[in-house]
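S.K.: Before I ask anything, here is the structure I am working with.
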Amino acid sequence: MKAMLPTGDISRAVEFGEAEEPEPREDEAVITVEAYSVNRGETFRLEDPLRRWLPGKDVAGTVLRPAADGSGPARGTRVVGHPPARGWAQRAAVPTRDLAVLPDRVDTTTAAALPLAGLTALRLLRAAGPIAGRRILLTGASGGVGHYFTELASGIGARITAVSAGEERGRRLLDLGATEVVPDVEKAEGPFDLVLESVGGTSLPAALARLAPEGLLIWFGQASRAPVTLNFFDFFKAGVGGSIRHFDYTRSAPSHGSDRGSSADFGNRGNRIDYGYGDDLAVLVRLVATGRLHPEIGIRHDWSRTAEAITDLRARRIRGNAVLITS
């Protein structure tokens with residue numbers, strides 16, 4: 001089958017090639033991929049790809065072969081999924097616990113923009129706890145996670161200061177509910193009850209200096225790829241008694257009270273097992289279907305332009321998500 005194969009040259013990161021057909025486990029369905037999304041973090045792995053590894057974590061399409069164990073949707077069902085890899089191809093195997101069914105009013109192009117960015121935003125919202133009326137500083141806000149979090153959090157009363165260098169991107173964040181947009185962290189006027197930091201480098205210490213006493217800084221990324229240097233005494237300048245918490249969206253429990261986990265203990269254990277993504281994907285799909293969440297899709301291109309999209313994404317020329325269409 002056709003697939004996007006890593007070249008090892010980041011200037012032309014992927015190219016069309018032939019890949020083996022997926023060999024699903026008993027709990028995996030094979031889907032015909034109609035659209036997929038490229039995430040900035042994924043592109044880092046393309047700089048030095050592992051042998052036999054194929055990229056692709058955000059996919060949407062139609063079930064071609066249901067799971068052998070009887071779990072998950074039937075053949076012909078439209079779905080969105082979050083496989084661990086190998087999604088930039090004509091067909092992909094996806095664990096059924098990582099799939100959500102799409103209603104007629106959500107198309108696959110829109111759905112493909114949901115998984116990684118949407119799951120991260122939803123689980124960040126859960127990690128933040130009660131946020132109505134709280135002041136939140138959101139760095140790196142112009143990407144997919146920033147757009148989703150801004151719309152979700154502002155909808156329940158959070159007052160968000162979003163950091164975005166681009167004027168056009170800033171206007172969109174205001175449309176989605178941000179209270180204000182600033183071009184860099186230094187321009188943000190604290191104190192903030194909660195800081196969501198995803199840039200790293202000098203951004204995190206600057207954000208920490210604006211944290212309210214007993215406040216919380218959630219560190220969920222390092223897009224600049226620059227290491228962070230912290231000074232113990234910086235806490236005395238602003239966020240006395242504050243906390244810094246590392247966040248990994250893959251370690252989060254879904255938002256229900258079953259024996260598979262609950263929102264009450266979200267993030268409080270350092271090594272939670274992976275509960276799967278299907279339940280939270282279903283939440284995101286429902287929000288889109290009812291008009292309460294609007295995926296920000298910067299480009300919708302034929303998948304022959306995937307390498308171009310990767311270059312533009314890394315250069316921050318794309319607002320929100322980049323979606324590639326295979327059909």
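Ordering of the structure tokens sets the chain letters (A, B, ...); residue numbers start at 1 within each chain; ligands are numbered from 1 in the order shown.
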As an MDAnalysis selection string, please: the residues near Pro83 in chain A (cut-off 9 Å, only C-alpha atoms, same-chain neighbours under 3 positions excluded).
M.R.: chainID A and resid 56:59 86:87 92:95 98:99
S.K.: Please, could you write that set of residues out with all heavy atoms as an mmCIF file, in the first residue's frame?
M.R.:
data_model
loop_
_atom_site.group_PDB
_atom_site.id
_atom_site.type_symbol
_atom_site.label_atom_id
_atom_site.label_comp_id
_atom_site.auth_asym_id
_atom_site.auth_seq_id
_atom_site.Cartn_x
_atom_site.Cartn_y
_atom_site.Cartn_z
ATOM 1 N N GLY A 56 2.644 8.948 12.059
ATOM 2 C CA GLY A 56 1.197 9.086 11.914
ATOM 3 C C GLY A 56 0.407 8.682 13.135
ATOM 4 O O GLY A 56 0.236 7.485 13.394
ATOM 5 N N LYS A 57 -0.092 9.670 13.912
ATOM 6 C CA LYS A 57 -0.838 9.390 15.139
ATOM 7 C C LYS A 57 -2.279 9.898 15.104
ATOM 8 O O LYS A 57 -3.071 9.516 15.954
ATOM 9 C CB LYS A 57 -0.111 10.022 16.338
ATOM 10 C CG LYS A 57 1.240 9.402 16.638
ATOM 11 C CD LYS A 57 1.984 10.148 17.726
ATOM 12 C CE LYS A 57 1.315 10.005 19.065
ATOM 13 N NZ LYS A 57 1.397 8.634 19.609
ATOM 14 N N ASP A 58 -2.626 10.767 14.172
ATOM 15 C CA ASP A 58 -3.982 11.334 14.108
ATOM 16 C C ASP A 58 -4.625 10.955 12.782
ATOM 17 O O ASP A 58 -4.190 11.426 11.727
ATOM 18 C CB ASP A 58 -3.938 12.865 14.202
ATOM 19 C CG ASP A 58 -3.503 13.369 15.568
ATOM 20 O OD1 ASP A 58 -3.239 12.541 16.450
ATOM 21 O OD2 ASP A 58 -3.441 14.600 15.745
ATOM 22 N N VAL A 59 -5.640 10.093 12.820
ATOM 23 C CA VAL A 59 -6.244 9.603 11.583
ATOM 24 C C VAL A 59 -7.764 9.616 11.676
ATOM 25 O O VAL A 59 -8.338 9.544 12.769
ATOM 26 C CB VAL A 59 -5.773 8.168 11.249
ATOM 27 C CG1 VAL A 59 -4.272 8.130 11.051
ATOM 28 C CG2 VAL A 59 -6.180 7.186 12.338
ATOM 29 N N ARG A 86 2.273 4.901 12.240
ATOM 30 C CA ARG A 86 1.931 4.287 10.954
ATOM 31 C C ARG A 86 0.585 4.755 10.408
ATOM 32 O O ARG A 86 -0.078 4.032 9.661
ATOM 33 C CB ARG A 86 1.961 2.757 11.055
ATOM 34 C CG ARG A 86 3.257 2.199 11.619
ATOM 35 C CD ARG A 86 3.259 0.686 11.651
ATOM 36 N NE ARG A 86 3.400 0.123 10.298
ATOM 37 C CZ ARG A 86 4.559 -0.111 9.697
ATOM 38 N NH1 ARG A 86 5.696 0.167 10.313
ATOM 39 N NH2 ARG A 86 4.600 -0.612 8.491
ATOM 40 N N GLY A 87 0.196 5.979 10.727
ATOM 41 C CA GLY A 87 -1.095 6.476 10.267
ATOM 42 C C GLY A 87 -1.076 7.227 8.947
ATOM 43 O O GLY A 87 -2.127 7.423 8.340
ATOM 44 N N ALA A 92 -4.532 1.761 8.158
ATOM 45 C CA ALA A 92 -3.840 1.747 9.441
ATOM 46 C C ALA A 92 -4.579 0.869 10.432
ATOM 47 O O ALA A 92 -5.812 0.776 10.401
ATOM 48 C CB ALA A 92 -3.730 3.168 10.008
ATOM 49 N N ALA A 93 -3.822 0.204 11.306
ATOM 50 C CA ALA A 93 -4.401 -0.587 12.393
ATOM 51 C C ALA A 93 -4.467 0.291 13.640
ATOM 52 O O ALA A 93 -3.471 0.912 14.017
ATOM 53 C CB ALA A 93 -3.557 -1.826 12.654
ATOM 54 N N VAL A 94 -5.648 0.330 14.261
ATOM 55 C CA VAL A 94 -5.851 1.186 15.421
ATOM 56 C C VAL A 94 -6.528 0.373 16.524
ATOM 57 O O VAL A 94 -7.552 -0.278 16.269
ATOM 58 C CB VAL A 94 -6.737 2.403 15.084
ATOM 59 C CG1 VAL A 94 -6.825 3.356 16.280
ATOM 60 C CG2 VAL A 94 -6.221 3.136 13.855
ATOM 61 N N PRO A 95 -5.992 0.391 17.748
ATOM 62 C CA PRO A 95 -6.683 -0.287 18.860
ATOM 63 C C PRO A 95 -8.106 0.255 18.998
ATOM 64 O O PRO A 95 -8.325 1.466 18.916
ATOM 65 C CB PRO A 95 -5.827 0.074 20.078
ATOM 66 C CG PRO A 95 -4.467 0.343 19.516
ATOM 67 C CD PRO A 95 -4.707 0.990 18.187
ATOM 68 N N ASP A 98 -8.959 3.120 21.155
ATOM 69 C CA ASP A 98 -8.456 4.431 20.730
ATOM 70 C C ASP A 98 -9.240 4.986 19.553
ATOM 71 O O ASP A 98 -8.759 5.856 18.814
ATOM 72 C CB ASP A 98 -6.974 4.328 20.359
ATOM 73 C CG ASP A 98 -6.109 3.920 21.541
ATOM 74 O OD1 ASP A 98 -6.510 4.204 22.685
ATOM 75 O OD2 ASP A 98 -5.048 3.304 21.316
ATOM 76 N N LEU A 99 -10.463 4.484 19.356
ATOM 77 C CA LEU A 99 -11.338 4.933 18.272
ATOM 78 C C LEU A 99 -12.597 5.569 18.835
ATOM 79 O O LEU A 99 -13.074 5.209 19.909
ATOM 80 C CB LEU A 99 -11.754 3.751 17.396
ATOM 81 C CG LEU A 99 -10.705 3.105 16.494
ATOM 82 C CD1 LEU A 99 -11.275 1.828 15.879
ATOM 83 C CD2 LEU A 99 -10.267 4.070 15.383
#
S.K.: Env of range 156-161 of chain A: 9 Å cut, atoms = only C-alpha atoms, seq-sep filter 4 positions within chain, self excluded. Answer as a PyMOL selection string.
M.R.: chain A and resi 131-139+150+152+177-182+188-189
S.K.: For the selection just defined, write its residues with C-alpha atoms to a file, as a PDB file, in the first residue's frame.
M.R.:
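Below is the file part.pdb, written as the result:
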ATOM      1  CA  ILE A 131     -10.989  27.181  36.580  1.00  0.00           C
ATOM      2  CA  ALA A 132     -14.137  29.324  36.415  1.00  0.00           C
ATOM      3  CA  GLY A 133     -13.101  32.897  37.135  1.00  0.00           C
ATOM      4  CA  ARG A 134      -9.409  32.024  37.429  1.00  0.00           C
ATOM      5  CA  ARG A 135      -6.662  33.875  35.562  1.00  0.00           C
ATOM      6  CA  ILE A 136      -4.696  31.600  33.245  1.00  0.00           C
ATOM      7  CA  LEU A 137      -1.505  32.318  31.292  1.00  0.00           C
ATOM      8  CA  LEU A 138      -1.175  30.117  28.204  1.00  0.00           C
ATOM      9  CA  THR A 139       2.144  30.159  26.344  1.00  0.00           C
ATOM     10  CA  THR A 150      -8.766  28.538  24.843  1.00  0.00           C
ATOM     11  CA  LEU A 152     -12.885  24.977  26.095  1.00  0.00           C
ATOM     12  CA  GLY A 177     -12.664  33.522  24.029  1.00  0.00           C
ATOM     13  CA  ALA A 178      -9.225  34.663  25.203  1.00  0.00           C
ATOM     14  CA  THR A 179      -9.446  37.725  27.449  1.00  0.00           C
ATOM     15  CA  GLU A 180      -6.272  39.170  25.969  1.00  0.00           C
ATOM     16  CA  VAL A 181      -3.381  38.218  23.694  1.00  0.00           C
ATOM     17  CA  VAL A 182       0.214  39.333  24.249  1.00  0.00           C
ATOM     18  CA  ALA A 188       1.775  39.521  30.380  1.00  0.00           C
ATOM     19  CA  GLU A 189       0.665  41.214  33.593  1.00  0.00           C
TER      20      GLU A 189
END
S.K.: Can I get the residues of range 110-210 of chain A within 7 Å of range 280-304 of chain A, each with the closest pair of atoms and their distance in Å to one decimal, using only C-alpha atoms, sorted chain first then ascending number, as a Markdown table?
M.R.:
| residue | atom | partner | partner_atom | distance |
| --- | --- | --- | --- | --- |
| A:Thr110 | CA | A:Pro295 | CA | 6.8 |
| A:Ala113 | CA | A:Pro295 | CA | 6.6 |
| A:Pro115 | CA | A:Leu281 | CA | 6.6 |
| A:Gly118 | CA | A:Leu284 | CA | 7.0 |
| A:Leu119 | CA | A:Asp280 | CA | 6.7 |
| A:Gly144 | CA | A:Glu296 | CA | 6.8 |
| A:His147 | CA | A:Glu296 | CA | 6.8 |
| A:Glu151 | CA | A:Leu293 | CA | 6.8 |
S.K.: Give me a file of those residues, with all heavy atoms, as an mmCIF file, in the first residue's frame.
M.R.:
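As written to disk, part.cif reads:
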data_model
loop_
_atom_site.group_PDB
_atom_site.id
_atom_site.type_symbol
_atom_site.label_atom_id
_atom_site.label_comp_id
_atom_site.auth_asym_id
_atom_site.auth_seq_id
_atom_site.Cartn_x
_atom_site.Cartn_y
_atom_site.Cartn_z
ATOM 1 N N THR A 110 -12.244 17.266 9.353
ATOM 2 C CA THR A 110 -12.319 17.965 10.635
ATOM 3 C C THR A 110 -11.901 17.045 11.769
ATOM 4 O O THR A 110 -11.128 17.434 12.665
ATOM 5 C CB THR A 110 -13.755 18.478 10.875
ATOM 6 O OG1 THR A 110 -14.111 19.386 9.833
ATOM 7 C CG2 THR A 110 -13.862 19.182 12.219
ATOM 8 N N ALA A 113 -8.179 16.423 12.796
ATOM 9 C CA ALA A 113 -7.468 17.456 13.557
ATOM 10 C C ALA A 113 -7.661 17.312 15.057
ATOM 11 O O ALA A 113 -7.057 18.054 15.837
ATOM 12 C CB ALA A 113 -7.937 18.840 13.111
ATOM 13 N N PRO A 115 -7.301 14.389 17.418
ATOM 14 C CA PRO A 115 -6.704 13.529 18.448
ATOM 15 C C PRO A 115 -5.617 14.135 19.326
ATOM 16 O O PRO A 115 -5.884 14.450 20.491
ATOM 17 C CB PRO A 115 -6.196 12.324 17.640
ATOM 18 C CG PRO A 115 -7.141 12.242 16.492
ATOM 19 C CD PRO A 115 -7.408 13.681 16.125
ATOM 20 N N GLY A 118 -6.375 17.867 20.537
ATOM 21 C CA GLY A 118 -7.618 17.918 21.297
ATOM 22 C C GLY A 118 -7.533 17.143 22.598
ATOM 23 O O GLY A 118 -8.005 17.601 23.646
ATOM 24 N N LEU A 119 -6.926 15.967 22.547
ATOM 25 C CA LEU A 119 -6.768 15.163 23.770
ATOM 26 C C LEU A 119 -5.900 15.895 24.790
ATOM 27 O O LEU A 119 -6.195 15.904 25.987
ATOM 28 C CB LEU A 119 -6.132 13.817 23.424
ATOM 29 C CG LEU A 119 -7.017 12.813 22.685
ATOM 30 C CD1 LEU A 119 -6.170 11.676 22.124
ATOM 31 C CD2 LEU A 119 -8.111 12.274 23.583
ATOM 32 N N GLY A 144 -2.414 24.003 17.776
ATOM 33 C CA GLY A 144 -3.685 23.301 17.937
ATOM 34 C C GLY A 144 -4.134 23.190 19.382
ATOM 35 O O GLY A 144 -5.301 23.431 19.700
ATOM 36 N N HIS A 147 -5.487 26.586 20.700
ATOM 37 C CA HIS A 147 -6.826 26.927 20.212
ATOM 38 C C HIS A 147 -7.904 26.125 20.938
ATOM 39 O O HIS A 147 -8.921 26.676 21.365
ATOM 40 C CB HIS A 147 -6.910 26.694 18.704
ATOM 41 C CG HIS A 147 -6.237 27.752 17.893
ATOM 42 N ND1 HIS A 147 -4.908 27.682 17.563
ATOM 43 C CD2 HIS A 147 -6.704 28.917 17.358
ATOM 44 C CE1 HIS A 147 -4.583 28.756 16.844
ATOM 45 N NE2 HIS A 147 -5.650 29.507 16.714
ATOM 46 N N GLU A 151 -10.760 27.752 23.708
ATOM 47 C CA GLU A 151 -12.206 27.677 23.514
ATOM 48 C C GLU A 151 -12.884 26.900 24.634
ATOM 49 O O GLU A 151 -13.932 27.320 25.149
ATOM 50 C CB GLU A 151 -12.537 27.051 22.165
ATOM 51 C CG GLU A 151 -14.019 27.085 21.856
ATOM 52 C CD GLU A 151 -14.363 26.700 20.423
ATOM 53 O OE1 GLU A 151 -13.502 26.107 19.736
ATOM 54 O OE2 GLU A 151 -15.492 26.991 19.992
#
S.K.: Quick one: DSSP strand (DSSP E) residues in range 9-52 of chain A, as a list of chain:residue names?
M.R.: A:Val14, A:Glu15, A:Phe16, A:Gly17, A:Glu18, A:Glu28, A:Ala29, A:Val30, A:Ile31, A:Thr32, A:Val33, A:Glu34, A:Ala35, A:Tyr36, A:Ser37, A:Val38
S.K.: Okay, now the selection with N, CA and C atoms, as a PDB file, in the first residue's frame?
M.R.:
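The result, written out as selection.pdb:
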ATOM      1  N   VAL A  14       9.446  13.476   4.251  1.00  0.00           N
ATOM      2  CA  VAL A  14       8.787  12.228   3.869  1.00  0.00           C
ATOM      3  C   VAL A  14       8.569  12.204   2.363  1.00  0.00           C
ATOM      4  N   GLU A  15       8.342  10.991   1.858  1.00  0.00           N
ATOM      5  CA  GLU A  15       8.039  10.823   0.437  1.00  0.00           C
ATOM      6  C   GLU A  15       7.149   9.598   0.260  1.00  0.00           C
ATOM      7  N   PHE A  16       6.431   9.566  -0.846  1.00  0.00           N
ATOM      8  CA  PHE A  16       5.614   8.390  -1.135  1.00  0.00           C
ATOM      9  C   PHE A  16       6.481   7.147  -1.294  1.00  0.00           C
ATOM     10  N   GLY A  17       5.964   6.033  -0.799  1.00  0.00           N
ATOM     11  CA  GLY A  17       6.638   4.761  -0.966  1.00  0.00           C
ATOM     12  C   GLY A  17       5.669   3.630  -0.702  1.00  0.00           C
ATOM     13  N   GLU A  18       6.154   2.406  -0.776  1.00  0.00           N
ATOM     14  CA  GLU A  18       5.338   1.226  -0.510  1.00  0.00           C
ATOM     15  C   GLU A  18       5.631   0.711   0.895  1.00  0.00           C
ATOM     16  N   GLU A  28      -7.463  -4.730  17.436  1.00  0.00           N
ATOM     17  CA  GLU A  28      -7.258  -3.607  16.527  1.00  0.00           C
ATOM     18  C   GLU A  28      -8.137  -3.732  15.289  1.00  0.00           C
ATOM     19  N   ALA A  29      -8.703  -2.623  14.876  1.00  0.00           N
ATOM     20  CA  ALA A  29      -9.446  -2.552  13.620  1.00  0.00           C
ATOM     21  C   ALA A  29      -8.548  -1.937  12.553  1.00  0.00           C
ATOM     22  N   VAL A  30      -8.733  -2.360  11.333  1.00  0.00           N
ATOM     23  CA  VAL A  30      -8.030  -1.741  10.211  1.00  0.00           C
ATOM     24  C   VAL A  30      -8.958  -0.713   9.588  1.00  0.00           C
ATOM     25  N   ILE A  31      -8.479   0.504   9.458  1.00  0.00           N
ATOM     26  CA  ILE A  31      -9.307   1.532   8.844  1.00  0.00           C
ATOM     27  C   ILE A  31      -8.688   2.016   7.539  1.00  0.00           C
ATOM     28  N   THR A  32      -9.551   2.401   6.634  1.00  0.00           N
ATOM     29  CA  THR A  32      -9.114   3.098   5.429  1.00  0.00           C
ATOM     30  C   THR A  32      -8.956   4.562   5.791  1.00  0.00           C
ATOM     31  N   VAL A  33      -7.735   5.050   5.726  1.00  0.00           N
ATOM     32  CA  VAL A  33      -7.441   6.417   6.152  1.00  0.00           C
ATOM     33  C   VAL A  33      -7.882   7.397   5.069  1.00  0.00           C
ATOM     34  N   GLU A  34      -8.725   8.330   5.448  1.00  0.00           N
ATOM     35  CA  GLU A  34      -9.186   9.361   4.523  1.00  0.00           C
ATOM     36  C   GLU A  34      -8.517  10.706   4.770  1.00  0.00           C
ATOM     37  N   ALA A  35      -8.063  10.936   6.006  1.00  0.00           N
ATOM     38  CA  ALA A  35      -7.379  12.187   6.344  1.00  0.00           C
ATOM     39  C   ALA A  35      -6.529  11.945   7.583  1.00  0.00           C
ATOM     40  N   TYR A  36      -5.453  12.699   7.682  1.00  0.00           N
ATOM     41  CA  TYR A  36      -4.626  12.643   8.880  1.00  0.00           C
ATOM     42  C   TYR A  36      -4.068  14.029   9.178  1.00  0.00           C
ATOM     43  N   SER A  37      -3.666  14.201  10.427  1.00  0.00           N
ATOM     44  CA  SER A  37      -3.111  15.480  10.870  1.00  0.00           C
ATOM     45  C   SER A  37      -1.636  15.305  11.210  1.00  0.00           C
ATOM     46  N   VAL A  38      -0.849  16.342  10.923  1.00  0.00           N
ATOM     47  CA  VAL A  38       0.571  16.356  11.254  1.00  0.00           C
ATOM     48  C   VAL A  38       0.767  17.242  12.476  1.00  0.00           C
TER      49      VAL A  38
END
S.K.: Identify, on the basis of only C-alpha atoms, every residue whose closest approach to range 209-213 of chain A does not exceed 9 Å; exclude the query and any residue fewer than 6 positions from it along the same chain; express the result as an MDAnalysis selection string.
M.R.: chainID A and resid 137 185 188:195 234:242
S.K.: Kindly export the residues of the current selection with C-alpha atoms, as an mmCIF file, in the first residue's frame.
M.R.:
data_model
loop_
_atom_site.group_PDB
_atom_site.id
_atom_site.type_symbol
_atom_site.label_atom_id
_atom_site.label_comp_id
_atom_site.auth_asym_id
_atom_site.auth_seq_id
_atom_site.Cartn_x
_atom_site.Cartn_y
_atom_site.Cartn_z
ATOM 1 C CA LEU A 137 -1.505 32.318 31.292
ATOM 2 C CA VAL A 185 5.442 36.343 28.156
ATOM 3 C CA ALA A 188 1.775 39.521 30.380
ATOM 4 C CA GLU A 189 0.665 41.214 33.593
ATOM 5 C CA GLY A 190 0.222 38.754 36.432
ATOM 6 C CA PRO A 191 -0.337 37.320 38.841
ATOM 7 C CA PHE A 192 -1.934 34.226 37.324
ATOM 8 C CA ASP A 193 -3.602 31.423 39.255
ATOM 9 C CA LEU A 194 -2.536 28.908 36.627
ATOM 10 C CA VAL A 195 0.222 28.893 34.004
ATOM 11 C CA ASP A 234 12.603 33.183 41.690
ATOM 12 C CA PHE A 235 9.732 31.627 43.625
ATOM 13 C CA PHE A 236 10.089 34.357 46.248
ATOM 14 C CA LYS A 237 9.553 37.072 43.631
ATOM 15 C CA ALA A 238 6.004 36.008 42.810
ATOM 16 C CA GLY A 239 4.675 32.476 43.211
ATOM 17 C CA VAL A 240 5.588 31.790 46.831
ATOM 18 C CA GLY A 241 4.446 28.277 47.645
ATOM 19 C CA GLY A 242 3.697 27.625 43.987
#
S.K.: Give me the residues within 10 Å of Thr229 in chain A as a PDB file with N, CA and C atoms, in the first residue's frame, counting only C-alpha atoms and dropping any in the same chain fewer than 6 places off.
M.R.:
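That gives us out08.pdb:
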ATOM      1  N   GLY A 200       9.315  26.318  26.908  1.00  0.00           N
ATOM      2  CA  GLY A 200      10.628  26.027  27.447  1.00  0.00           C
ATOM      3  C   GLY A 200      11.572  27.212  27.304  1.00  0.00           C
ATOM      4  N   GLY A 201      12.880  26.953  27.407  1.00  0.00           N
ATOM      5  CA  GLY A 201      13.863  28.021  27.285  1.00  0.00           C
ATOM      6  C   GLY A 201      13.648  29.108  28.318  1.00  0.00           C
ATOM      7  N   THR A 202      13.662  30.370  27.869  1.00  0.00           N
ATOM      8  CA  THR A 202      13.455  31.494  28.785  1.00  0.00           C
ATOM      9  C   THR A 202      11.984  31.741  29.084  1.00  0.00           C
ATOM     10  N   LEU A 204       9.642  29.650  30.299  1.00  0.00           N
ATOM     11  CA  LEU A 204       9.136  29.097  31.553  1.00  0.00           C
ATOM     12  C   LEU A 204       9.524  29.943  32.774  1.00  0.00           C
ATOM     13  N   PRO A 205      10.789  30.340  32.929  1.00  0.00           N
ATOM     14  CA  PRO A 205      11.098  31.197  34.078  1.00  0.00           C
ATOM     15  C   PRO A 205      10.326  32.513  34.065  1.00  0.00           C
TER      16      PRO A 205
END
S.K.: Which residue, A:Gly61, A:Pro66, A:Pro55, A:Pro73, has the smallest gap to Ala85 in chain A when you use only C-alpha atoms?
M.R.: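 Ranked by minimum distance to Ala85 in chain A, first place goes to A:Pro55.
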S.K.: Given the choices A:Asn231, A:Glu197, A:Leu124, A:Arg314, which gets closest to Ala153 in chain A if the distance is worked out from only C-alpha atoms?
M.R.: A:Leu124
